[in-house]
$ cat upload-v3.txt   # compact mmCIF, C-alpha atoms
# COMPACT_ATOMS: atom_id res chain seq x y z
CA MET A 2 -19.71 -70.10 50.58
CA SER A 3 -17.45 -72.04 48.19
CA SER A 4 -17.81 -71.63 44.42
CA ASP A 5 -19.36 -75.11 44.21
CA GLU A 6 -21.89 -74.29 46.93
CA GLN A 7 -22.63 -70.98 45.24
CA ARG A 8 -23.36 -72.69 41.91
CA HIS A 9 -25.75 -75.12 43.60
CA GLU A 10 -27.48 -72.29 45.45
CA LEU A 11 -27.85 -70.43 42.15
CA ALA A 12 -29.27 -73.53 40.46
CA GLN A 13 -31.78 -74.11 43.25
CA PHE A 14 -32.82 -70.47 43.29
CA ILE A 15 -33.43 -70.36 39.53
CA ARG A 16 -35.38 -73.63 39.62
CA SER A 17 -37.56 -72.42 42.51
CA ARG A 18 -38.46 -69.27 40.60
CA ARG A 19 -39.13 -71.20 37.39
CA GLU A 20 -41.50 -73.52 39.24
CA ARG A 21 -43.54 -70.64 40.63
CA ARG A 22 -43.82 -68.87 37.24
CA ARG A 23 -47.15 -69.72 35.61
CA PRO A 24 -47.55 -70.13 31.81
CA GLU A 25 -50.19 -67.40 31.75
CA ASP A 26 -47.70 -65.00 33.40
CA VAL A 27 -45.68 -65.03 30.19
CA GLY A 28 -48.56 -65.24 27.72
CA LEU A 29 -48.51 -69.02 27.20
CA PRO A 30 -51.72 -71.06 27.16
CA SER A 31 -52.22 -73.10 30.31
CA VAL A 32 -53.36 -76.32 28.65
CA GLY A 33 -52.30 -79.93 28.81
CA HIS A 34 -50.79 -81.92 31.62
CA ARG A 35 -47.59 -80.60 33.23
CA ARG A 36 -45.48 -82.98 35.27
CA THR A 37 -43.91 -80.14 37.25
CA PRO A 38 -45.35 -76.83 38.43
CA GLY A 39 -44.52 -73.62 36.65
CA LEU A 40 -42.70 -73.18 33.38
CA ARG A 41 -40.71 -75.84 31.58
CA ARG A 42 -36.97 -75.37 31.13
CA GLU A 43 -37.32 -74.94 27.38
CA GLU A 44 -39.90 -72.20 27.91
CA VAL A 45 -37.62 -70.20 30.20
CA ALA A 46 -34.72 -70.72 27.80
CA THR A 47 -36.77 -69.46 24.85
CA ILE A 48 -38.04 -66.39 26.70
CA ALA A 49 -34.53 -65.56 27.96
CA GLY A 50 -32.98 -66.12 24.54
CA VAL A 51 -30.57 -68.89 25.56
CA SER A 52 -30.19 -72.50 24.48
CA ILE A 53 -32.08 -75.20 26.35
CA THR A 54 -28.80 -77.10 26.83
CA TRP A 55 -27.10 -74.11 28.42
CA TYR A 56 -30.08 -73.40 30.68
CA THR A 57 -30.26 -77.06 31.74
CA TRP A 58 -26.58 -76.98 32.67
CA LEU A 59 -27.26 -73.87 34.76
CA GLU A 60 -29.97 -75.67 36.74
CA GLN A 61 -27.61 -78.64 37.11
CA ALA A 62 -25.02 -76.36 38.75
CA ARG A 63 -22.42 -77.04 36.10
CA GLU A 64 -19.34 -74.82 36.00
CA ILE A 65 -20.35 -72.39 33.26
CA ARG A 66 -19.91 -68.65 32.86
CA VAL A 67 -23.03 -66.47 33.07
CA SER A 68 -22.79 -62.98 31.59
CA ARG A 69 -24.52 -59.94 33.04
CA GLN A 70 -26.66 -59.64 29.92
CA VAL A 71 -27.91 -63.21 30.29
CA LEU A 72 -28.58 -62.70 33.99
CA GLY A 73 -30.73 -59.70 33.11
CA SER A 74 -32.64 -61.77 30.55
CA LEU A 75 -33.16 -64.59 33.07
CA ALA A 76 -34.41 -62.11 35.67
CA GLY A 77 -37.02 -60.90 33.19
CA ALA A 78 -38.03 -64.40 32.07
CA LEU A 79 -38.44 -65.52 35.68
CA GLY A 80 -40.33 -62.38 36.71
CA LEU A 81 -37.90 -61.47 39.47
CA ASP A 82 -38.44 -58.35 41.53
CA ALA A 83 -35.56 -55.98 42.40
CA VAL A 84 -34.51 -57.87 45.52
CA GLU A 85 -34.58 -61.26 43.75
CA ARG A 86 -32.73 -59.85 40.74
CA ASN A 87 -29.93 -58.52 42.97
CA HIS A 88 -29.76 -61.90 44.73
CA LEU A 89 -29.48 -63.65 41.36
CA PHE A 90 -26.56 -61.43 40.31
CA ARG A 91 -24.72 -61.96 43.59
CA LEU A 92 -25.13 -65.75 43.42
CA ALA A 93 -23.62 -65.59 39.93
CA GLY A 94 -20.67 -63.61 41.29
CA GLU A 95 -21.71 -60.34 39.67
CA MET A 96 -22.42 -56.88 41.07
CA PRO A 97 -26.17 -56.15 40.88
CA PRO A 98 -27.02 -53.56 38.23
CA GLY A 99 -27.00 -50.00 39.54
CA ASP A 100 -30.36 -48.37 40.03
CA THR A 101 -30.11 -44.73 39.02
CA ALA A 102 -33.36 -43.90 40.74
CA SER A 103 -32.01 -45.20 44.04
CA ARG A 104 -29.52 -42.33 44.05
CA ASP A 105 -32.30 -39.76 44.05
CA ARG A 106 -32.47 -37.92 47.35
CA ALA A 107 -36.24 -37.63 47.00
CA GLU A 108 -36.54 -41.41 47.36
CA LEU A 109 -35.02 -41.49 50.84
CA PRO A 110 -37.68 -42.67 53.31
CA ARG A 111 -38.72 -39.90 55.68
CA GLN A 112 -37.57 -42.05 58.62
CA TYR A 113 -33.95 -41.42 57.61
CA ALA A 114 -34.49 -37.67 57.67
CA LEU A 115 -35.83 -38.18 61.18
CA LEU A 116 -32.71 -40.17 62.11
CA LEU A 117 -30.45 -37.36 60.87
CA ALA A 118 -32.44 -34.85 62.89
CA HIS A 119 -32.10 -36.97 66.05
CA LEU A 120 -28.34 -37.26 65.52
CA ASP A 121 -28.00 -33.47 65.25
CA PRO A 122 -25.81 -31.61 66.23
CA ASN A 123 -23.51 -34.58 65.66
CA PRO A 124 -22.46 -34.32 62.00
CA ALA A 125 -24.41 -36.95 60.04
CA PHE A 126 -25.27 -37.52 56.40
CA ILE A 127 -26.35 -40.19 53.90
CA VAL A 128 -24.26 -41.15 50.87
CA ASN A 129 -24.75 -43.38 47.84
CA PRO A 130 -22.04 -45.63 46.29
CA ARG A 131 -20.53 -42.59 44.53
CA PHE A 132 -20.15 -40.96 47.96
CA ASP A 133 -22.62 -38.26 46.91
CA ILE A 134 -24.12 -36.60 49.99
CA LEU A 135 -27.86 -37.07 49.49
CA ALA A 136 -29.14 -35.76 52.82
CA TRP A 137 -27.53 -34.17 55.85
CA ASN A 138 -28.24 -32.43 59.14
CA ARG A 139 -27.09 -29.11 60.59
CA GLY A 140 -24.08 -30.71 62.24
CA CYS A 141 -22.80 -31.96 58.88
CA GLU A 142 -22.40 -28.36 57.73
CA LEU A 143 -19.95 -27.80 60.58
CA LEU A 144 -17.59 -30.07 58.60
CA TYR A 145 -18.55 -29.48 54.97
CA GLY A 146 -19.94 -25.95 54.97
CA ASP A 147 -23.17 -24.86 53.29
CA LEU A 148 -23.89 -27.94 51.17
CA ALA A 149 -27.15 -26.52 49.88
CA ALA A 150 -25.18 -23.73 48.19
CA LEU A 151 -23.11 -26.23 46.18
CA PRO A 152 -24.20 -27.65 42.80
CA GLU A 153 -25.60 -31.12 43.42
CA PRO A 154 -22.71 -32.96 41.66
CA ARG A 155 -20.25 -31.25 44.02
CA ARG A 156 -21.97 -32.49 47.17
CA ASN A 157 -19.62 -35.43 47.16
CA VAL A 158 -17.25 -36.63 49.88
CA LEU A 159 -14.41 -37.36 47.44
CA TRP A 160 -14.82 -34.05 45.64
CA LEU A 161 -14.80 -32.09 48.92
CA THR A 162 -11.87 -34.09 50.29
CA PHE A 163 -9.67 -33.34 47.29
CA THR A 164 -10.83 -29.90 46.15
CA SER A 165 -11.99 -27.99 49.25
CA PRO A 166 -9.18 -26.07 51.03
CA GLU A 167 -11.47 -25.67 54.08
CA VAL A 168 -12.11 -29.42 54.39
CA LYS A 169 -8.42 -30.18 53.82
CA ALA A 170 -7.37 -27.70 56.51
CA MET A 171 -9.46 -29.52 59.12
CA SER A 172 -7.60 -32.82 58.69
CA GLU A 173 -4.98 -33.63 61.29
CA ASN A 174 -3.16 -35.73 58.67
CA TRP A 175 -4.77 -35.03 55.30
CA GLU A 176 -2.61 -37.42 53.24
CA GLU A 177 -3.41 -40.36 55.51
CA GLU A 178 -7.11 -39.57 55.77
CA ALA A 179 -7.52 -38.93 52.04
CA SER A 180 -5.75 -42.21 51.22
CA HIS A 181 -7.98 -44.08 53.65
CA THR A 182 -11.13 -42.48 52.21
CA LEU A 183 -10.12 -43.58 48.70
CA ALA A 184 -9.31 -47.11 49.93
CA LEU A 185 -12.76 -47.35 51.55
CA PHE A 186 -14.39 -46.08 48.37
CA ARG A 187 -12.56 -48.58 46.14
CA THR A 188 -13.45 -51.44 48.50
CA GLN A 189 -17.10 -50.46 48.78
CA VAL A 190 -17.73 -49.79 45.10
CA GLY A 191 -16.06 -53.05 44.00
CA GLU A 192 -16.77 -53.97 40.37
CA GLY A 193 -19.11 -50.99 40.24
CA VAL A 194 -16.00 -48.89 39.63
CA LEU A 195 -16.67 -49.50 35.92
CA ALA A 196 -20.19 -48.05 36.05
CA PRO A 197 -20.55 -44.92 33.87
CA GLU A 198 -21.47 -42.63 36.76
CA ILE A 199 -18.42 -43.77 38.76
CA VAL A 200 -16.09 -43.45 35.77
CA ALA A 201 -17.37 -39.91 35.17
CA LEU A 202 -16.69 -38.90 38.78
CA LEU A 203 -13.19 -40.37 38.76
CA SER A 204 -12.34 -38.63 35.49
CA GLU A 205 -13.43 -35.26 36.88
CA LEU A 206 -11.41 -35.81 40.04
CA GLU A 207 -8.29 -36.78 38.11
CA GLU A 208 -8.53 -33.53 36.17
CA ALA A 209 -9.25 -31.43 39.27
CA SER A 210 -6.68 -32.87 41.68
CA GLU A 211 -3.16 -34.18 41.12
CA ASP A 212 -3.29 -35.62 44.64
CA PHE A 213 -6.36 -37.66 43.73
CA ALA A 214 -4.73 -39.00 40.55
CA ARG A 215 -1.60 -39.95 42.49
CA LEU A 216 -3.40 -41.68 45.36
CA TRP A 217 -5.96 -43.40 43.12
CA ARG A 218 -3.18 -45.07 41.13
CA ARG A 219 -2.06 -46.85 44.32
CA LYS A 220 -5.23 -48.99 44.17
CA ASP A 221 -5.39 -49.29 47.97
CA LEU A 222 -8.22 -51.22 49.62
CA ALA A 223 -9.37 -51.04 53.23
CA PRO A 224 -12.27 -52.36 55.29
CA PHE A 225 -14.28 -49.90 57.32
CA VAL A 226 -13.51 -49.92 61.04
CA PRO A 227 -15.25 -47.51 63.43
CA LYS A 228 -12.64 -45.21 64.94
CA GLN A 229 -11.97 -41.82 66.43
CA ARG A 230 -11.06 -38.94 64.14
CA THR A 231 -9.29 -35.81 65.28
CA MET A 232 -9.98 -32.58 63.42
CA ARG A 233 -8.82 -28.98 63.59
CA HIS A 234 -12.05 -27.04 63.34
CA PRO A 235 -11.74 -23.27 62.62
CA ARG A 236 -14.28 -22.40 65.33
CA LEU A 237 -14.09 -25.32 67.75
CA GLY A 238 -10.34 -25.93 67.73
CA GLU A 239 -9.02 -29.47 67.93
CA ILE A 240 -11.89 -31.92 68.40
CA ALA A 241 -12.14 -35.72 68.50
CA LEU A 242 -15.29 -37.44 67.23
CA GLU A 243 -16.22 -41.11 66.88
CA TYR A 244 -16.57 -41.96 63.17
CA ILE A 245 -19.17 -44.62 62.29
CA LYS A 246 -20.99 -45.89 59.18
CA MET A 247 -24.24 -47.86 58.95
CA HIS A 248 -25.51 -49.42 55.73
CA ILE A 249 -29.21 -48.91 55.05
CA ALA A 250 -30.94 -52.28 54.89
CA GLY A 251 -32.12 -53.26 51.43
CA ASP A 252 -30.51 -50.23 49.80
CA ASP A 253 -27.16 -49.08 48.44
CA LYS A 254 -26.91 -46.07 50.74
CA THR A 255 -24.93 -45.50 53.93
CA VAL A 256 -25.47 -43.34 57.00
CA VAL A 257 -22.24 -41.69 58.13
CA SER A 258 -21.91 -39.92 61.46
CA TYR A 259 -19.30 -38.26 63.68
CA LEU A 260 -20.38 -38.59 67.32
CA ALA A 261 -19.53 -36.71 70.49
CA SER A 262 -20.31 -38.32 73.85
CA PRO A 263 -23.84 -37.36 74.97
CA GLY A 264 -23.80 -34.53 77.49
CA SER A 265 -20.10 -33.85 76.97
CA GLU A 266 -18.63 -30.38 76.69
CA LEU A 267 -17.92 -31.05 73.01
CA ALA A 268 -21.55 -32.05 72.39
CA ASN A 269 -22.68 -28.78 73.96
CA ARG A 270 -20.21 -26.78 71.88
CA LEU A 271 -21.37 -28.51 68.69
CA LYS A 272 -24.98 -27.63 69.48
CA LYS A 273 -24.17 -24.04 70.28
CA LEU A 274 -22.25 -23.52 67.03
CA ALA A 275 -24.89 -25.30 64.94
CA ASP A 276 -27.53 -23.05 66.47
CA GLU A 277 -25.46 -19.97 65.65
CA LEU A 278 -24.85 -20.98 62.05
CA ASN A 279 -28.49 -21.89 61.46
CA GLY A 280 -30.05 -19.15 63.52
$ encode --input "upload-v3.txt" --output "structure tokens"
Amino acid sequence: MSSDEQRHELAQFIRSRRERRRPEDVGLPSVGHRRTPGLRREEVATIAGVSITWYTWLEQAREIRVSRQVLGSLAGALGLDAVERNHLFRLAGEMPPGDTASRDRAELPRQYALLLAHLDPNPAFIVNPRFDILAWNRGCELLYGDLAALPEPRRNVLWLTFTSPEVKAMSENWEEEASHTLALFRTQVGEGVLAPEIVALLSELEEASEDFARLWRRKDLAPFVPKQRTMRHPRLGEIALEYIKMHIAGDDKTVVSYLASPGSELANRLKKLADELNG
């Protein structure tokens, strides 16, 4: 979508939501004849705390800058729900505001716990934009150890990649894989890299790992491409697993899994070891 098309889509979206917003929804008396359904432009502008001229230009798809603060005010004035608010921010070329509650493991639908169980003993886990590991199966502990024993802030893919000697030892080419992981993270987090929770994580990593500080300064970006990863596991020896990621629809979380071919010798060995470690 071109910038011109995006501005027109934004204008049409805002107008459609204004027209469905009733005066009584915002505490205004529903009296007198209204030529158009919903709120008037000046009413939305007043509620959002912007000038009527500026708001009119927005609905006319003029080339004006819309700040995140104003977008938040418009979302409130128009009564947008979370999905509509995120859509509004994206149409305006902004990252949707982070939802701290969405990072809470307790909010994961039970169906995703069921998915992780079905993927077992293939290592699988769910991460948020910070790459915090929110939920995992038995197979995941074959790669990252006893995650439940770690403090919650340390159940993080970046933290384990750069500070765990055991995780580092399993990499066939740690420098290459760590660089790629950081490039994926930078690409995925986008403008969210300035969010307080992301800044805090990066600051801790820079203090904890010179390698992280060095590789982060390169500012590499990379798209995710499913591929095979070879690892040197202390109990299984050299193994090759298919590495895939799946974004959870309507959420900011991602399912990550390392897969062995069903019925293969490796799949059987993974199950046997997972049973031993969790027996």
$ closest_residue --input "upload-v3.txt" --among "A:Ser258, A:Gln61, A:Ser265, A:Ser165" --to "A:Ala209" --atoms "all atoms listed in the file"
A:Ser165
$ atom_distance --input "upload-v3.txt" --atom1 "atom CA of A:Ala93" --atom2 "atom CA of A:Lys254"
22.6 Å
$ atom_distance --input "upload-v3.txt" --atom1 "atom CA of A:Phe225" --atom2 "atom CA of A:Asp5"
28.9 Å
$ residues_around --input "upload-v3.txt" --residues "A:Glu60" --least-positions-apart "5" --cutoff "7 Å" --atoms "only C-alpha atoms" --output "list in words"
Ala12, Gln13, Ile15 and Arg16 of chain A
$ atom_distance --input "upload-v3.txt" --atom1 "atom CA of A:Phe132" --atom2 "atom CA of A:Ala114"
17.6 Å
$ closest_residue --input "upload-v3.txt" --among "A:Tyr113, A:Tyr244, A:Tyr56, A:Tyr145" --to "A:Met171" --atoms "only C-alpha atoms"
A:Tyr145
$ residues_near_point --input "upload-v3.txt" --point "(-6.1, -38.4, 43.0)" --cutoff "8 Å" --atoms "only C-alpha atoms" --output "number ranges by chain"
A: 163, 206-207, 210-218
$ residues_around --input "upload-v3.txt" --residues "A:Phe14" --least-positions-apart "2" --cutoff "12 Å" --atoms "all atoms listed in the file" --output "number ranges by chain"
A: 7-12, 16-21, 59-62, 75-76, 79, 81, 85-86, 88-93
$ closest_residue --input "upload-v3.txt" --among "A:Asp253, A:Glu178, A:Glu6, A:Glu95" --to "A:Arg131" --atoms "only C-alpha atoms"
A:Asp253
$ closest_residue --input "upload-v3.txt" --among "A:Val190, A:Ile199, A:Leu185, A:Ala275" --to "A:Pro97" --atoms "only C-alpha atoms"
A:Val190
$ closest_residue --input "upload-v3.txt" --among "A:Glu43, A:Glu25, A:Glu167, A:Glu173" --to "A:Arg233" --atoms "all atoms listed in the file"
A:Glu173
$ closest_residue --input "upload-v3.txt" --among "A:Val168, A:Leu274, A:Ile134, A:Val257" --to "A:Gly146" --atoms "only C-alpha atoms"
A:Val168
$ residues_around --input "upload-v3.txt" --residues "stretch 235-241 of chain A" --least-positions-apart "6" --cutoff "12 Å" --atoms "only C-alpha atoms" --output "PyMOL selection string"
chain A and resi 123+143-146+167-173+228-229+259-262+265-275+277-278
$ residues_around --input "upload-v3.txt" --residues "A:Ala149" --least-positions-apart "3" --cutoff "12 Å" --atoms "only C-alpha atoms" --output "CSV table (one decimal) with C-alpha atoms, keeping the file's coordinate frame"
chain,number,residue,atom,x,y,z
A,134,ILE,CA,-24.1,-36.6,50.0
A,135,LEU,CA,-27.9,-37.1,49.5
A,136,ALA,CA,-29.1,-35.8,52.8
A,137,TRP,CA,-27.5,-34.2,55.8
A,138,ASN,CA,-28.2,-32.4,59.1
A,139,ARG,CA,-27.1,-29.1,60.6
A,141,CYS,CA,-22.8,-32.0,58.9
A,142,GLU,CA,-22.4,-28.4,57.7
A,145,TYR,CA,-18.6,-29.5,55.0
A,146,GLY,CA,-19.9,-26.0,55.0
A,152,PRO,CA,-24.2,-27.6,42.8
A,153,GLU,CA,-25.6,-31.1,43.4
A,154,PRO,CA,-22.7,-33.0,41.7
A,155,ARG,CA,-20.2,-31.2,44.0
A,156,ARG,CA,-22.0,-32.5,47.2
A,157,ASN,CA,-19.6,-35.4,47.2
$ build_atoms --input "upload-v3.txt" --residues "stretch 237-248 of chain A" --atoms "all heavy atoms" --output "short mmCIF file (atom, residue, chain, number, x, y, z; two decimals), in the frame of the given file"
data_model
loop_
_atom_site.label_atom_id
_atom_site.label_comp_id
_atom_site.auth_asym_id
_atom_site.auth_seq_id
_atom_site.Cartn_x
_atom_site.Cartn_y
_atom_site.Cartn_z
N LEU A 237 -14.06 -24.48 66.54
CA LEU A 237 -14.09 -25.32 67.75
C LEU A 237 -12.70 -25.74 68.21
O LEU A 237 -12.54 -26.32 69.29
CB LEU A 237 -14.94 -26.57 67.50
CG LEU A 237 -16.42 -26.32 67.18
CD1 LEU A 237 -17.08 -27.61 66.73
CD2 LEU A 237 -17.13 -25.73 68.39
N GLY A 238 -11.68 -25.49 67.39
CA GLY A 238 -10.34 -25.93 67.73
C GLY A 238 -10.17 -27.42 67.45
O GLY A 238 -10.88 -28.00 66.62
N GLU A 239 -9.24 -28.05 68.13
CA GLU A 239 -9.02 -29.47 67.93
C GLU A 239 -10.11 -30.27 68.63
O GLU A 239 -10.32 -30.14 69.83
CB GLU A 239 -7.65 -29.88 68.48
CG GLU A 239 -7.29 -31.33 68.18
CD GLU A 239 -5.87 -31.67 68.55
OE1 GLU A 239 -4.94 -31.09 67.95
OE2 GLU A 239 -5.69 -32.51 69.46
N ILE A 240 -10.80 -31.12 67.86
CA ILE A 240 -11.89 -31.92 68.40
C ILE A 240 -11.70 -33.37 67.98
O ILE A 240 -11.12 -33.66 66.94
CB ILE A 240 -13.27 -31.42 67.94
CG1 ILE A 240 -13.36 -31.42 66.40
CG2 ILE A 240 -13.54 -30.02 68.48
CD1 ILE A 240 -14.74 -31.06 65.86
N ALA A 241 -12.20 -34.29 68.80
CA ALA A 241 -12.14 -35.72 68.50
C ALA A 241 -13.55 -36.28 68.50
O ALA A 241 -14.28 -36.15 69.49
CB ALA A 241 -11.28 -36.45 69.53
N LEU A 242 -13.95 -36.88 67.38
CA LEU A 242 -15.29 -37.44 67.23
C LEU A 242 -15.19 -38.91 66.82
O LEU A 242 -14.25 -39.30 66.13
CB LEU A 242 -16.08 -36.67 66.16
CG LEU A 242 -16.37 -35.19 66.44
CD1 LEU A 242 -16.89 -34.51 65.18
CD2 LEU A 242 -17.35 -35.04 67.58
N GLU A 243 -16.16 -39.70 67.25
CA GLU A 243 -16.22 -41.11 66.88
C GLU A 243 -16.86 -41.24 65.49
O GLU A 243 -17.98 -40.77 65.27
CB GLU A 243 -17.01 -41.92 67.90
CG GLU A 243 -16.45 -41.87 69.31
CD GLU A 243 -15.04 -42.45 69.40
OE1 GLU A 243 -14.70 -43.33 68.58
OE2 GLU A 243 -14.29 -42.03 70.30
N TYR A 244 -16.14 -41.87 64.57
CA TYR A 244 -16.57 -41.96 63.17
C TYR A 244 -17.19 -43.33 62.92
O TYR A 244 -16.53 -44.37 63.10
CB TYR A 244 -15.34 -41.75 62.28
CG TYR A 244 -15.51 -41.99 60.81
CD1 TYR A 244 -16.55 -41.41 60.11
CD2 TYR A 244 -14.58 -42.75 60.10
CE1 TYR A 244 -16.69 -41.61 58.74
CE2 TYR A 244 -14.69 -42.95 58.74
CZ TYR A 244 -15.74 -42.38 58.07
OH TYR A 244 -15.87 -42.58 56.72
N ILE A 245 -18.48 -43.36 62.52
CA ILE A 245 -19.17 -44.62 62.29
C ILE A 245 -19.94 -44.57 60.97
O ILE A 245 -20.28 -43.50 60.47
CB ILE A 245 -20.14 -44.99 63.43
CG1 ILE A 245 -21.30 -44.00 63.49
CG2 ILE A 245 -19.43 -45.06 64.77
CD1 ILE A 245 -22.43 -44.46 64.37
N LYS A 246 -20.19 -45.77 60.40
CA LYS A 246 -20.99 -45.89 59.18
C LYS A 246 -21.99 -47.02 59.38
O LYS A 246 -21.68 -48.04 59.98
CB LYS A 246 -20.10 -46.19 57.97
CG LYS A 246 -19.13 -45.10 57.62
CD LYS A 246 -18.14 -45.55 56.55
CE LYS A 246 -18.80 -45.74 55.22
NZ LYS A 246 -17.82 -46.03 54.13
N MET A 247 -23.20 -46.83 58.85
CA MET A 247 -24.24 -47.86 58.95
C MET A 247 -24.91 -48.00 57.59
O MET A 247 -25.43 -47.02 57.05
CB MET A 247 -25.29 -47.47 60.00
CG MET A 247 -24.74 -47.32 61.40
SD MET A 247 -25.95 -46.59 62.54
CE MET A 247 -25.93 -44.87 61.99
N HIS A 248 -24.87 -49.20 57.02
CA HIS A 248 -25.51 -49.42 55.73
C HIS A 248 -27.02 -49.51 55.91
O HIS A 248 -27.51 -50.14 56.85
CB HIS A 248 -24.98 -50.70 55.08
CG HIS A 248 -23.55 -50.60 54.66
ND1 HIS A 248 -23.12 -49.75 53.67
CD2 HIS A 248 -22.44 -51.23 55.12
CE1 HIS A 248 -21.82 -49.86 53.52
NE2 HIS A 248 -21.38 -50.75 54.39
#
